[in-house]
Amino acid sequence: LRNLEDLVARFFRGDPLALARTISSIENRDPGARWIFERVYPRAGNGIRIGITGPPGAGKSTLVARIALLLRAEGHRVGIIAVDPTSPFTGGALLGDRIRMNELLGEPGIFVRSMATRGSLGGLSDATLEASEAMAAFGLDRILIETVGVGQSELDVAETADTTVVVLVPESGDVVQTMKAGLMEIGDVFAVNKADREGADRLAAEIRSTLDLHRDGGARRAAVVKTIGTDGTGVPELTRAIREHVAEARRSGRFEEHREKLARTRIQRSAESALLRGIHADGALLRFREDLVGRVRRGDLSPYAAGEELSEAIARSLAAHA
Ligand SMILES: Nc1nc2c(ncn2[C@@H]2O[C@H](COP(=O)(O)OP(=O)(O)O)[C@@H](O)[C@H]2O)c(=O)[nH]1
Ligand SMILES: [Mg+2]
């Protein structure tokens, strides 16, 4: 505990090594991680999370690096989390462009971290969200979270980010494929990157008309911005679109609504897993569950009715212990 207290003290004194240690302990699910998180969470409110998702190779990392430098120039302190299941953190290689990455790593006020999705259900892990909260508590007020838009991870990034940027490129296919991948619904801002290549104008127009088609009532259409990550063209406009989305969400109350929804989900999941742990620690409940398994297998009871019986037994057990 002395070591943990020392770590937290260094963390709040602004020592970046303490932030790195904290994130590692969160990622490894160290025994002390929860203790640290309890101290960190109350101060995590001021970090805005910006999710950047899209297919591999679309230029997410390149854009993240550019956005980070712009935000830094505006006076923000920036955290970057790269969630990349394929490449481990290998210094310069992570952001594709070594020079730019080194530029970021040398920049005070920018903190870069990569994380694996290891152990999660293919989505953005709880650890990623907690790491972003540690960064916020550390005083990083803009946190960019890059995730590869495959599987479920893009849905999770939309759940946890305040603003979601979907990065598409002319060669990543048409809007129909993008919709199938679930990316159209989650984008608050769309970047049509590699605008130096043929087809960018057409893709941007297609995205705009698809968004118009699916827009309800007076809702604002998501911004669609053409960018060239490699030379920075369009990145100021992209950064502005992100800022405007955050401001608009704050005005309309959707920002708070979204964060409340996330809090509700986390509380619910935490309570569910505590209850599950409770069952596994309770021999009588486990025996009752095995008895239910037998009855379900014999066809005496449906699995749903058995689930109801088990939950009633849990409730009785909780009441008895209260
Ligand atoms: N032609 C072109 N190449 C780009 C652009 N943006 C990024 N790239 C290149 O695309 C490749 C993949 O970029 P990266 O940022 O690693 O993509 P990520 O997998 O989405 O993170 C790299 O070689 C980049 O230099 C762009 O606007 N135009
Ligand atoms: Mg990348």
# chains A, B, ... in the order shown; residues from 1 in each chain; ligands from 1
>>> residues_around(residues="segment 34-36 of chain A", least_positions_apart="2", cutoff="9 Å", atoms="only C-alpha atoms", output="ChimeraX atom specification")
/A:4-5,7-8,22,25-26,29-32,38-41
>>> residues_around(residues="Glu309 of chain A", least_positions_apart="4", cutoff="10 Å", atoms="only C-alpha atoms", output="list in words")
Phe288, Arg289, Leu292, Pro303, Tyr304, Ala305, Ala313, Ile314 and Ala315 of chain A
>>> residues_around(residues="segment 128-144 of chain A", least_positions_apart="6", cutoff="6 Å", atoms="only C-alpha atoms", output="number ranges by chain")
A: 23, 40, 43-44, 47-51, 77-80
>>> residues_near_ligand(ligand="ligand 1", cutoff="10 Å", atoms="only C-alpha atoms and all ligand atoms", output="PyMOL selection string")
chain A and resi 52-65+82+84+93-98+146-149+167-169+192-197+226-234
>>> residues_around(residues="segment 252-264 of chain A", least_positions_apart="5", cutoff="7 Å", atoms="only C-alpha atoms", output="MDAnalysis selection string")
chainID A and resid 159:160 162
>>> write_last_selection(atoms="C-alpha atoms", output="PDB file, in the first residue's frame")
ATOM      1  CA  GLU A 159     -20.097   3.728 -26.571  1.00  0.00           C
ATOM      2  CA  THR A 160     -17.127   5.109 -24.717  1.00  0.00           C
ATOM      3  CA  ASP A 162     -17.676  11.483 -26.609  1.00  0.00           C
TER       4      ASP A 162
END
>>> residues_around(residues="Ala158 of chain A", least_positions_apart="5", cutoff="9 Å", atoms="only C-alpha atoms", output="PyMOL selection string")
chain A and resi 51+153+163-164+186-187
>>> write_last_selection(atoms="N, CA and C atoms", output="short mmCIF file (atom, residue, chain, number, x, y, z; two decimals), in the first residue's frame")
data_model
loop_
_atom_site.label_atom_id
_atom_site.label_comp_id
_atom_site.auth_asym_id
_atom_site.auth_seq_id
_atom_site.Cartn_x
_atom_site.Cartn_y
_atom_site.Cartn_z
N GLY A 51 -12.88 9.09 -30.27
CA GLY A 51 -12.58 7.79 -30.88
C GLY A 51 -12.30 7.97 -32.36
N SER A 153 -15.25 -3.81 -32.18
CA SER A 153 -14.55 -2.75 -31.46
C SER A 153 -15.08 -1.36 -31.81
N THR A 163 -16.97 11.70 -28.89
CA THR A 163 -17.11 11.96 -30.32
C THR A 163 -16.41 10.85 -31.09
N THR A 164 -17.07 10.32 -32.10
CA THR A 164 -16.46 9.25 -32.88
C THR A 164 -16.18 9.72 -34.31
N ILE A 186 -22.29 5.09 -36.41
CA ILE A 186 -21.53 5.54 -35.23
C ILE A 186 -20.73 6.81 -35.48
N GLY A 187 -20.58 7.21 -36.74
CA GLY A 187 -19.75 8.38 -37.03
C GLY A 187 -20.43 9.68 -36.62
#
>>> closest_atom_pairs(of="segment 181-262 of chain A", to="segment 70-73 of chain A", cutoff="9 Å", atoms="only C-alpha atoms", output="JSON lines")
{"residue": "A:Val235", "atom": "CA", "partner": "A:Leu70", "partner_atom": "CA", "distance": 8.4}
{"residue": "A:Pro236", "atom": "CA", "partner": "A:Leu70", "partner_atom": "CA", "distance": 7.4}
{"residue": "A:Thr239", "atom": "CA", "partner": "A:Leu70", "partner_atom": "CA", "distance": 7.7}
